[in-house]
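Colleague: Below is the file work20.pdb, which contains PDB, C-alpha atoms and all ligand atoms.
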ATOM      1  CA  MET A   1      -7.898  -3.238  -3.446  1.00  0.00           C
ATOM      2  CA  LEU A   2      -5.539  -1.239  -5.694  1.00  0.00           C
ATOM      3  CA  ALA A   3      -2.822  -3.855  -5.185  1.00  0.00           C
ATOM      4  CA  ALA A   4      -5.305  -6.554  -6.220  1.00  0.00           C
ATOM      5  CA  VAL A   5      -6.119  -4.619  -9.408  1.00  0.00           C
ATOM      6  CA  GLN A   6      -2.445  -4.101 -10.264  1.00  0.00           C
ATOM      7  CA  LYS A   7      -1.685  -7.763  -9.510  1.00  0.00           C
ATOM      8  CA  ASN A   8      -4.692  -9.463 -11.153  1.00  0.00           C
ATOM      9  CA  ALA A   9      -6.024  -7.106 -13.838  1.00  0.00           C
ATOM     10  CA  THR A  10      -4.563  -6.438 -17.276  1.00  0.00           C
ATOM     11  CA  ARG A  11      -3.552  -2.835 -17.986  1.00  0.00           C
ATOM     12  CA  GLY A  12      -6.005  -1.242 -20.419  1.00  0.00           C
ATOM     13  CA  ASP A  13      -8.651  -3.927 -19.883  1.00  0.00           C
ATOM     14  CA  PRO A  14     -11.585  -2.404 -17.951  1.00  0.00           C
ATOM     15  CA  ARG A  15     -13.462  -5.710 -17.597  1.00  0.00           C
ATOM     16  CA  SER A  16     -10.468  -7.329 -15.904  1.00  0.00           C
ATOM     17  CA  VAL A  17     -10.273  -4.354 -13.492  1.00  0.00           C
ATOM     18  CA  VAL A  18     -13.965  -4.754 -12.585  1.00  0.00           C
ATOM     19  CA  LYS A  19     -13.497  -8.513 -12.128  1.00  0.00           C
ATOM     20  CA  ALA A  20     -10.413  -8.052  -9.925  1.00  0.00           C
ATOM     21  CA  ILE A  21     -12.255  -5.619  -7.622  1.00  0.00           C
ATOM     22  CA  ASP A  22     -15.331  -7.866  -7.354  1.00  0.00           C
ATOM     23  CA  GLN A  23     -13.119 -10.872  -6.564  1.00  0.00           C
ATOM     24  CA  PHE A  24     -11.233  -8.891  -3.904  1.00  0.00           C
ATOM     25  CA  CYS A  25     -14.479  -7.671  -2.297  1.00  0.00           C
ATOM     26  CA  ARG A  26     -16.012 -11.150  -2.240  1.00  0.00           C
ATOM     27  CA  GLN A  27     -12.940 -13.042  -1.036  1.00  0.00           C
ATOM     28  CA  LYS A  28     -10.932 -10.538   1.026  1.00  0.00           C
ATOM     29  CA  GLU A  29     -12.762  -7.442   2.230  1.00  0.00           C
ATOM     30  CA  TRP A  30     -16.263  -6.005   1.640  1.00  0.00           C
ATOM     31  CA  ALA A  31     -16.250  -2.518   0.074  1.00  0.00           C
ATOM     32  CA  MET A  32     -19.026  -0.166  -0.984  1.00  0.00           C
ATOM     33  CA  ASN A  33     -18.626  -0.465  -4.769  1.00  0.00           C
ATOM     34  CA  VAL A  34     -21.922  -0.737  -6.631  1.00  0.00           C
ATOM     35  CA  GLY A  35     -20.823  -4.351  -7.233  1.00  0.00           C
ATOM     36  CA  ASP A  36     -21.472  -6.938  -9.942  1.00  0.00           C
ATOM     37  CA  GLU A  37     -25.235  -7.490  -9.519  1.00  0.00           C
ATOM     38  CA  LYS A  38     -26.282  -3.821  -9.457  1.00  0.00           C
ATOM     39  CA  GLY A  39     -23.379  -3.174 -11.857  1.00  0.00           C
ATOM     40  CA  CYS A  40     -25.159  -5.195 -14.536  1.00  0.00           C
ATOM     41  CA  ILE A  41     -28.247  -2.989 -14.152  1.00  0.00           C
ATOM     42  CA  LEU A  42     -25.983   0.091 -14.342  1.00  0.00           C
ATOM     43  CA  ASP A  43     -24.401  -1.307 -17.534  1.00  0.00           C
ATOM     44  CA  SER A  44     -27.803  -1.861 -19.156  1.00  0.00           C
ATOM     45  CA  VAL A  45     -28.955   1.690 -18.357  1.00  0.00           C
ATOM     46  CA  VAL A  46     -25.688   3.203 -19.679  1.00  0.00           C
ATOM     47  CA  THR A  47     -25.956   1.125 -22.866  1.00  0.00           C
ATOM     48  CA  GLU A  48     -29.608   2.123 -23.349  1.00  0.00           C
ATOM     49  CA  VAL A  49     -28.974   5.858 -22.748  1.00  0.00           C
ATOM     50  CA  ASN A  50     -25.690   5.885 -24.728  1.00  0.00           C
ATOM     51  CA  PRO A  51     -24.842   9.235 -23.075  1.00  0.00           C
ATOM     52  CA  ALA A  52     -22.475  11.910 -24.420  1.00  0.00           C
ATOM     53  CA  THR A  53     -22.238  13.562 -20.974  1.00  0.00           C
ATOM     54  CA  VAL A  54     -22.297  11.698 -17.641  1.00  0.00           C
ATOM     55  CA  LEU A  55     -22.009  12.989 -14.059  1.00  0.00           C
ATOM     56  CA  GLU A  56     -21.103  10.496 -11.315  1.00  0.00           C
ATOM     57  CA  LEU A  57     -21.572  11.734  -7.740  1.00  0.00           C
ATOM     58  CA  GLY A  58     -19.337   9.591  -5.537  1.00  0.00           C
ATOM     59  CA  THR A  59     -16.309   8.048  -7.229  1.00  0.00           C
ATOM     60  CA  TYR A  60     -15.069   6.036  -4.234  1.00  0.00           C
ATOM     61  CA  CYS A  61     -12.382   3.705  -5.749  1.00  0.00           C
ATOM     62  CA  GLY A  62     -13.527   4.161  -9.337  1.00  0.00           C
ATOM     63  CA  TYR A  63     -15.299   0.808  -9.793  1.00  0.00           C
ATOM     64  CA  SER A  64     -18.509   2.271 -11.262  1.00  0.00           C
ATOM     65  CA  THR A  65     -16.476   4.948 -13.052  1.00  0.00           C
ATOM     66  CA  VAL A  66     -14.664   2.157 -14.933  1.00  0.00           C
ATOM     67  CA  ARG A  67     -17.909   0.276 -15.623  1.00  0.00           C
ATOM     68  CA  ILE A  68     -19.570   3.388 -17.076  1.00  0.00           C
ATOM     69  CA  ALA A  69     -16.576   4.801 -18.972  1.00  0.00           C
ATOM     70  CA  SER A  70     -15.879   1.434 -20.647  1.00  0.00           C
ATOM     71  CA  LEU A  71     -19.340   1.616 -22.268  1.00  0.00           C
ATOM     72  CA  LEU A  72     -19.171   5.230 -23.500  1.00  0.00           C
ATOM     73  CA  PRO A  73     -18.726   6.289 -27.130  1.00  0.00           C
ATOM     74  CA  SER A  74     -15.290   7.786 -27.903  1.00  0.00           C
ATOM     75  CA  ASN A  75     -16.340  11.458 -27.784  1.00  0.00           C
ATOM     76  CA  ALA A  76     -18.301  11.092 -24.532  1.00  0.00           C
ATOM     77  CA  LYS A  77     -17.271  12.750 -21.245  1.00  0.00           C
ATOM     78  CA  LEU A  78     -17.670  11.352 -17.726  1.00  0.00           C
ATOM     79  CA  ILE A  79     -17.197  13.796 -14.847  1.00  0.00           C
ATOM     80  CA  THR A  80     -16.907  12.075 -11.470  1.00  0.00           C
ATOM     81  CA  LEU A  81     -16.957  13.945  -8.152  1.00  0.00           C
ATOM     82  CA  GLU A  82     -15.267  12.635  -4.998  1.00  0.00           C
ATOM     83  CA  PHE A  83     -15.116  14.485  -1.684  1.00  0.00           C
ATOM     84  CA  ASN A  84     -12.612  12.201   0.058  1.00  0.00           C
ATOM     85  CA  PRO A  85      -9.013  12.812  -1.161  1.00  0.00           C
ATOM     86  CA  ASP A  86      -7.859   9.309  -0.217  1.00  0.00           C
ATOM     87  CA  TYR A  87     -10.643   7.701  -2.273  1.00  0.00           C
ATOM     88  CA  ALA A  88      -9.880  10.084  -5.158  1.00  0.00           C
ATOM     89  CA  ALA A  89      -6.190   9.136  -5.130  1.00  0.00           C
ATOM     90  CA  ILE A  90      -7.029   5.429  -5.398  1.00  0.00           C
ATOM     91  CA  ALA A  91      -9.740   5.987  -8.014  1.00  0.00           C
ATOM     92  CA  CYS A  92      -7.306   7.943 -10.165  1.00  0.00           C
ATOM     93  CA  GLN A  93      -4.947   4.935 -10.275  1.00  0.00           C
ATOM     94  CA  VAL A  94      -7.736   2.418 -10.863  1.00  0.00           C
ATOM     95  CA  ILE A  95      -9.104   4.495 -13.785  1.00  0.00           C
ATOM     96  CA  ALA A  96      -5.576   4.799 -15.228  1.00  0.00           C
ATOM     97  CA  TRP A  97      -4.980   1.035 -14.918  1.00  0.00           C
ATOM     98  CA  ALA A  98      -8.171   0.492 -16.915  1.00  0.00           C
ATOM     99  CA  GLY A  99      -6.805   2.889 -19.552  1.00  0.00           C
ATOM    100  CA  LEU A 100      -9.850   5.157 -19.310  1.00  0.00           C
ATOM    101  CA  GLU A 101      -8.231   8.413 -18.176  1.00  0.00           C
ATOM    102  CA  ASP A 102      -9.075  10.145 -21.501  1.00  0.00           C
ATOM    103  CA  LYS A 103     -12.809   9.625 -20.953  1.00  0.00           C
ATOM    104  CA  VAL A 104     -12.907  10.540 -17.275  1.00  0.00           C
ATOM    105  CA  GLN A 105     -12.535  13.868 -15.474  1.00  0.00           C
ATOM    106  CA  LEU A 106     -12.055  13.134 -11.754  1.00  0.00           C
ATOM    107  CA  VAL A 107     -12.894  16.204  -9.637  1.00  0.00           C
ATOM    108  CA  GLU A 108     -12.131  16.415  -5.933  1.00  0.00           C
ATOM    109  CA  GLY A 109     -14.510  18.415  -3.762  1.00  0.00           C
ATOM    110  CA  ALA A 110     -18.064  18.842  -2.538  1.00  0.00           C
ATOM    111  CA  SER A 111     -20.901  18.230  -5.005  1.00  0.00           C
ATOM    112  CA  GLY A 112     -22.768  21.243  -3.636  1.00  0.00           C
ATOM    113  CA  ASP A 113     -19.839  23.476  -4.568  1.00  0.00           C
ATOM    114  CA  TRP A 114     -19.083  21.933  -7.965  1.00  0.00           C
ATOM    115  CA  ILE A 115     -22.552  21.424  -9.472  1.00  0.00           C
ATOM    116  CA  PRO A 116     -23.101  25.208  -9.943  1.00  0.00           C
ATOM    117  CA  LYS A 117     -19.725  25.419 -11.706  1.00  0.00           C
ATOM    118  CA  MET A 118     -20.201  22.560 -14.202  1.00  0.00           C
ATOM    119  CA  LYS A 119     -21.108  24.808 -17.139  1.00  0.00           C
ATOM    120  CA  GLU A 120     -18.301  27.351 -16.735  1.00  0.00           C
ATOM    121  CA  LYS A 121     -15.542  24.897 -15.660  1.00  0.00           C
ATOM    122  CA  PHE A 122     -16.250  21.955 -17.960  1.00  0.00           C
ATOM    123  CA  GLY A 123     -18.311  23.468 -20.777  1.00  0.00           C
ATOM    124  CA  ILE A 124     -21.229  21.203 -19.944  1.00  0.00           C
ATOM    125  CA  GLU A 125     -24.673  22.216 -21.165  1.00  0.00           C
ATOM    126  CA  THR A 126     -26.729  19.383 -19.674  1.00  0.00           C
ATOM    127  CA  PHE A 127     -26.058  15.825 -18.455  1.00  0.00           C
ATOM    128  CA  ASP A 128     -27.595  12.908 -20.327  1.00  0.00           C
ATOM    129  CA  LEU A 129     -27.029  10.599 -17.352  1.00  0.00           C
ATOM    130  CA  VAL A 130     -26.340  11.207 -13.636  1.00  0.00           C
ATOM    131  CA  PHE A 131     -25.274   8.307 -11.353  1.00  0.00           C
ATOM    132  CA  LEU A 132     -25.916   9.200  -7.691  1.00  0.00           C
ATOM    133  CA  ASP A 133     -23.763   7.181  -5.297  1.00  0.00           C
ATOM    134  CA  HIS A 134     -22.393   9.676  -2.752  1.00  0.00           C
ATOM    135  CA  TRP A 135     -23.678  10.712   0.696  1.00  0.00           C
ATOM    136  CA  LYS A 136     -27.251   9.496   0.841  1.00  0.00           C
ATOM    137  CA  ASP A 137     -28.509  12.734   2.420  1.00  0.00           C
ATOM    138  CA  ARG A 138     -27.083  14.674  -0.531  1.00  0.00           C
ATOM    139  CA  TYR A 139     -29.105  12.934  -3.258  1.00  0.00           C
ATOM    140  CA  LEU A 140     -32.136  15.213  -2.826  1.00  0.00           C
ATOM    141  CA  PRO A 141     -30.406  18.586  -2.358  1.00  0.00           C
ATOM    142  CA  ASP A 142     -28.033  17.885  -5.244  1.00  0.00           C
ATOM    143  CA  THR A 143     -30.909  16.842  -7.530  1.00  0.00           C
ATOM    144  CA  LYS A 144     -32.715  20.102  -6.759  1.00  0.00           C
ATOM    145  CA  LEU A 145     -29.457  21.976  -7.347  1.00  0.00           C
ATOM    146  CA  MET A 146     -28.999  20.299 -10.750  1.00  0.00           C
ATOM    147  CA  GLU A 147     -32.562  21.348 -11.669  1.00  0.00           C
ATOM    148  CA  GLU A 148     -31.902  24.937 -10.570  1.00  0.00           C
ATOM    149  CA  CYS A 149     -28.593  25.085 -12.491  1.00  0.00           C
ATOM    150  CA  GLY A 150     -30.320  23.910 -15.686  1.00  0.00           C
ATOM    151  CA  LEU A 151     -28.089  20.824 -15.872  1.00  0.00           C
ATOM    152  CA  LEU A 152     -31.013  18.495 -16.668  1.00  0.00           C
ATOM    153  CA  ARG A 153     -32.854  18.457 -19.987  1.00  0.00           C
ATOM    154  CA  LYS A 154     -36.062  16.689 -21.085  1.00  0.00           C
ATOM    155  CA  GLY A 155     -35.002  13.027 -21.129  1.00  0.00           C
ATOM    156  CA  SER A 156     -32.009  13.264 -18.759  1.00  0.00           C
ATOM    157  CA  ILE A 157     -31.724  10.069 -16.704  1.00  0.00           C
ATOM    158  CA  LEU A 158     -30.945   9.950 -12.970  1.00  0.00           C
ATOM    159  CA  LEU A 159     -29.811   6.552 -11.665  1.00  0.00           C
ATOM    160  CA  ALA A 160     -29.520   6.364  -7.863  1.00  0.00           C
ATOM    161  CA  ASP A 161     -27.704   3.622  -5.927  1.00  0.00           C
ATOM    162  CA  ASN A 162     -28.657   2.470  -2.398  1.00  0.00           C
ATOM    163  CA  VAL A 163     -32.236   3.707  -2.350  1.00  0.00           C
ATOM    164  CA  ILE A 164     -33.056   0.862   0.114  1.00  0.00           C
ATOM    165  CA  CYS A 165     -29.729   0.237   1.903  1.00  0.00           C
ATOM    166  CA  PRO A 166     -28.445   2.529   3.410  1.00  0.00           C
ATOM    167  CA  GLY A 167     -31.567   4.203   1.961  1.00  0.00           C
ATOM    168  CA  THR A 168     -32.462   7.633   0.643  1.00  0.00           C
ATOM    169  CA  PRO A 169     -36.046   8.147   1.882  1.00  0.00           C
ATOM    170  CA  ASP A 170     -36.359  11.881   1.245  1.00  0.00           C
ATOM    171  CA  TYR A 171     -34.966  11.494  -2.309  1.00  0.00           C
ATOM    172  CA  LEU A 172     -37.311   8.566  -3.096  1.00  0.00           C
ATOM    173  CA  GLU A 173     -40.348  10.421  -1.752  1.00  0.00           C
ATOM    174  CA  TYR A 174     -39.513  13.499  -3.834  1.00  0.00           C
ATOM    175  CA  ILE A 175     -38.605  11.793  -7.088  1.00  0.00           C
ATOM    176  CA  ARG A 176     -41.538   9.334  -7.012  1.00  0.00           C
ATOM    177  CA  ASN A 177     -44.117  12.061  -6.295  1.00  0.00           C
ATOM    178  CA  SER A 178     -42.745  14.820  -8.504  1.00  0.00           C
ATOM    179  CA  PRO A 179     -44.695  15.386 -11.756  1.00  0.00           C
ATOM    180  CA  ARG A 180     -41.341  16.318 -13.325  1.00  0.00           C
ATOM    181  CA  TYR A 181     -39.960  12.758 -13.136  1.00  0.00           C
ATOM    182  CA  LYS A 182     -41.005   9.273 -14.255  1.00  0.00           C
ATOM    183  CA  SER A 183     -39.353   6.709 -11.955  1.00  0.00           C
ATOM    184  CA  GLN A 184     -38.708   2.957 -12.031  1.00  0.00           C
ATOM    185  CA  TYR A 185     -37.265   0.795  -9.235  1.00  0.00           C
ATOM    186  CA  PHE A 186     -34.775  -1.986 -10.061  1.00  0.00           C
ATOM    187  CA  LYS A 187     -34.765  -4.449  -7.163  1.00  0.00           C
ATOM    188  CA  SER A 188     -31.369  -5.972  -6.405  1.00  0.00           C
ATOM    189  CA  HIS A 189     -29.077  -6.599  -3.437  1.00  0.00           C
ATOM    190  CA  LEU A 190     -26.519  -4.624  -1.480  1.00  0.00           C
ATOM    191  CA  GLU A 191     -23.160  -5.268  -3.124  1.00  0.00           C
ATOM    192  CA  TYR A 192     -21.647  -8.677  -2.299  1.00  0.00           C
ATOM    193  CA  THR A 193     -24.486  -9.519   0.145  1.00  0.00           C
ATOM    194  CA  LYS A 194     -28.020 -10.975   0.257  1.00  0.00           C
ATOM    195  CA  VAL A 195     -29.427  -7.789   1.819  1.00  0.00           C
ATOM    196  CA  GLU A 196     -32.078  -6.071  -0.298  1.00  0.00           C
ATOM    197  CA  ASP A 197     -31.087  -2.883  -2.101  1.00  0.00           C
ATOM    198  CA  GLY A 198     -31.940  -1.373  -5.472  1.00  0.00           C
ATOM    199  CA  LEU A 199     -31.418   1.319  -8.060  1.00  0.00           C
ATOM    200  CA  GLU A 200     -34.003   4.004  -8.835  1.00  0.00           C
ATOM    201  CA  LYS A 201     -34.006   5.156 -12.466  1.00  0.00           C
ATOM    202  CA  SER A 202     -35.769   8.467 -13.101  1.00  0.00           C
ATOM    203  CA  VAL A 203     -36.365  10.352 -16.345  1.00  0.00           C
ATOM    204  CA  PHE A 204     -36.518  14.159 -16.078  1.00  0.00           C
ATOM    205  CA  LEU A 205     -39.600  15.301 -18.000  1.00  0.00           C
ATOM    206  CA  GLY A 206     -38.552  18.961 -18.249  1.00  0.00           C
TER     207      GLY A 206
HETATM  208  O1  LIG B 301     -22.018   5.797   1.835  1.00  0.00           O
HETATM  209  C1  LIG B 301     -21.981   5.273   0.747  1.00  0.00           C
HETATM  210  N1  LIG B 301     -21.486   5.912  -0.320  1.00  0.00           N
HETATM  211  C2  LIG B 301     -20.951   7.281  -0.168  1.00  0.00           C
HETATM  212  C3  LIG B 301     -19.484   7.251   0.332  1.00  0.00           C
HETATM  213  C4  LIG B 301     -18.936   8.615   0.668  1.00  0.00           C
HETATM  214  C5  LIG B 301     -19.158   9.612  -0.439  1.00  0.00           C
HETATM  215  C6  LIG B 301     -18.298  10.830  -0.246  1.00  0.00           C
HETATM  216  N2  LIG B 301     -18.669  11.789  -1.277  1.00  0.00           N
HETATM  217  C7  LIG B 301     -18.369  11.680  -2.589  1.00  0.00           C
HETATM  218  C8  LIG B 301     -18.912  12.794  -3.199  1.00  0.00           C
HETATM  219  N3  LIG B 301     -19.514  13.562  -2.256  1.00  0.00           N
HETATM  220  C9  LIG B 301     -19.370  12.943  -1.081  1.00  0.00           C
HETATM  221  C10 LIG B 301     -22.421   3.833   0.586  1.00  0.00           C
HETATM  222  C11 LIG B 301     -22.587   3.058   1.740  1.00  0.00           C
HETATM  223  C12 LIG B 301     -22.973   1.708   1.634  1.00  0.00           C
HETATM  224  C13 LIG B 301     -23.143   0.893   2.865  1.00  0.00           C
HETATM  225  C14 LIG B 301     -24.186  -0.048   2.937  1.00  0.00           C
HETATM  226  C15 LIG B 301     -24.349  -0.826   4.091  1.00  0.00           C
HETATM  227  C16 LIG B 301     -23.468  -0.678   5.157  1.00  0.00           C
HETATM  228  F1  LIG B 301     -23.612  -1.440   6.253  1.00  0.00           F
HETATM  229  C17 LIG B 301     -22.436   0.266   5.080  1.00  0.00           C
HETATM  230  C18 LIG B 301     -22.271   1.031   3.943  1.00  0.00           C
HETATM  231  C19 LIG B 301     -23.188   1.134   0.372  1.00  0.00           C
HETATM  232  C20 LIG B 301     -23.029   1.913  -0.779  1.00  0.00           C
HETATM  233  O2  LIG B 301     -23.246   1.383  -2.028  1.00  0.00           O
HETATM  234  C21 LIG B 301     -22.664   3.257  -0.685  1.00  0.00           C
HETATM  235  O3  LIG B 301     -22.559   3.974  -1.847  1.00  0.00           O
HETATM  236 MG    MG B 302     -23.441   2.878  -3.460  1.00  0.00          MG
END
Please lay out the structure from this file as structure tokens.
Ligand SMILES: O=C(NCCCCCn1ccnc1)c1cc(-c2ccc(F)cc2)cc(O)c1O
Ligand SMILES: [Mg+2]
Modeller:
Amino acid sequence: MLAAVQKNATRGDPRSVVKAIDQFCRQKEWAMNVGDEKGCILDSVVTEVNPATVLELGTYCGYSTVRIASLLPSNAKLITLEFNPDYAAIACQVIAWAGLEDKVQLVEGASGDWIPKMKEKFGIETFDLVFLDHWKDRYLPDTKLMEECGLLRKGSILLADNVICPGTPDYLEYIRNSPRYKSQYFKSHLEYTKVEDGLEKSVFLG
């Protein structure tokens, strides 16, 4: 995938990086990027929220990192957490090829360890937008942890990938029944397939 980006995408052109990855995943080898269809929904939410601070849980190869960072205002900060060192190493190069390294802080490690350190390590007060795309059984515990750490403010937006496939049943049940969130489901498809999947957008009400 990285070779395809370096061969087919223009340095410093995030859209060409996104296009090169989508082309590779459609023609050569499926990969678990959020993809072009759900990516458009992600783009519209990022544009609407116009966030100054973003947390991405699950960098993988940096596809959604590039999509989000390319839409951020110049002073905005995107912190992206990746547990797998091999994914992180690729993502770092993909983000650099897109020319977005100044907007992105790629952190390697476990979300459960890093979320409590966000304020002290990165000077973050609260996140305007959180994109959840990591282990599906971590969406719920990490959301509760963000609440406990005071990282969400009235109006913070959580956008969760894969709520249907592979699925995040405990997270959906919690977020849709909690009086502290207002949720909306965006029906779509699993990246590069016809299988149903979707994004759940939730506003923290404080
Ligand atoms: O597992 C996924 N993502 C997490 C990857 C590891 C995250 C590591 N990490 C990062 C930070 N903390 C922990 C994922 C899976 C699929 C999928 C769907 C159908 C299928 F048949 C196979 C796979 C589709 C996605 O869109 C996904 O996001
Ligand atoms: Mg995903």
Colleague: Expressed in Å to a single decimal, how great is the separation between atom CA of Val46 of chain A and atom CA of Ile79 of chain A?
Modeller: 14.4 Å
Colleague: Can you tell me which residues surround Tyr171 of chain A at a distance of at most 8 Å, considering all atoms listed in the file, apart from same-chain residues fewer than 4 positions away, and format the answer as a count of residues only?
Modeller: 3
Colleague: Give, as JSON, the centre coordinates and the x, y and z edge lengths in Å to one decimal for an axis-aligned box around all listed atoms of segment 52-64 of chain A, padded by 8 Å on each side.
Modeller:
{"center_x": -17.4, "center_y": 7.2, "center_z": -14.3, "size_x": 26.1, "size_y": 28.8, "size_z": 36.2}
Colleague: Report as a VMD selection string which protein, DNA and RNA residues come within 8 Å of ligand LIG 301 (chain B), using all atoms listed in the file.
Modeller: chain A and resid 31 to 34 57 to 60 81 to 84 109 to 111 133 to 136 138 161 to 162 165 to 166 190 to 191
Colleague: I'd like the contact shell of Cys92 of chain A - 8 Å cut-off, all atoms listed in the file, skipping same-chain residues fewer than 5 positions apart - returned as a list in words.
Modeller: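 Within the cut-off, the hits are Cys61, Gly62 and Leu106 of chain A.
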Colleague: Of the candidates A:Pro14, A:Gly39, A:Gly206, A:Pro85, which shows the shortest atom-to-atom distance to Glu147 of chain A, using all atoms listed in the file?
Modeller: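 Nearest to Glu147 of chain A: A:Gly206.
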Colleague: Residues picked by the PyMOL selection byres (((chain A and resi 63) around 12) and not hetatm) here, as a PyMOL selection string?
Modeller: chain A and resi 1-2+5+14-22+25+31-36+38-39+42+56+58-62+64-70+80+87-88+90-98+100+133+191
Colleague: Measuring atom to atom with all atoms listed in the file, identify which of A:Lys182, A:Lys77, A:Arg11, A:Lys117 is nearest to Leu205 of chain A.
Modeller: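 Closest residue, counting all atoms listed in the file: A:Lys182.
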Colleague: Within 9 Å of Leu158 of chain A, counting all atoms listed in the file, which residues qualify if same-chain residues fewer than 3 places away don't, as a ChimeraX atom specification?
Modeller: /A:128-132,143,200-204
Colleague: Using the chain letters and residue numbers of this document, give as a ChimeraX atom specification the residues selected by the PyMOL selection byres (((chain A and resi 146) around 10) and not hetatm).
Modeller: /A:112,115-116,118,126-127,130,140-145,147-152
Colleague: Just write the chosen residues, C-alpha atoms, as a compact mmCIF listing (two decimals), keeping the file's coordinate frame.
Modeller:
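The resulting result-v3.txt:
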# COMPACT_ATOMS: atom_id res chain seq x y z
CA GLY A 112 -22.77 21.24 -3.64
CA ILE A 115 -22.55 21.42 -9.47
CA PRO A 116 -23.10 25.21 -9.94
CA MET A 118 -20.20 22.56 -14.20
CA THR A 126 -26.73 19.38 -19.67
CA PHE A 127 -26.06 15.82 -18.45
CA VAL A 130 -26.34 11.21 -13.64
CA LEU A 140 -32.14 15.21 -2.83
CA PRO A 141 -30.41 18.59 -2.36
CA ASP A 142 -28.03 17.89 -5.24
CA THR A 143 -30.91 16.84 -7.53
CA LYS A 144 -32.72 20.10 -6.76
CA LEU A 145 -29.46 21.98 -7.35
CA GLU A 147 -32.56 21.35 -11.67
CA GLU A 148 -31.90 24.94 -10.57
CA CYS A 149 -28.59 25.08 -12.49
CA GLY A 150 -30.32 23.91 -15.69
CA LEU A 151 -28.09 20.82 -15.87
CA LEU A 152 -31.01 18.50 -16.67
Colleague: So, counting only C-alpha atoms and all ligand atoms, which residue among A:Leu55, A:Leu78, A:Ala160, A:Ala4 is closest to ligand MG 302 (chain B)?
Modeller: A:Ala160
Colleague: For the atom pair atom CA of Lys121 of chain A and atom CA of Gln105 of chain A, what is the interatomic distance in Å to one decimal place?
Modeller: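 The value is 11.4 Å.
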Colleague: Separation of atom CA of Leu71 of chain A and atom CA of Asp43 of chain A, in Å?
Modeller: 7.5 Å
Colleague: So, with only C-alpha atoms as the atoms that count, which of A:Gly167, A:Thr193, A:Asn75, A:Arg153 lies closest to Arg180 of chain A?
Modeller: A:Arg153
Colleague: From the list A:Thr53, A:Thr47, A:Ser74, A:Thr168, which residue is nearest ligand MG 302 (chain B) when using all atoms listed in the file?
Modeller: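 Result for the nearest residue to ligand MG 302 (chain B): A:Thr168.
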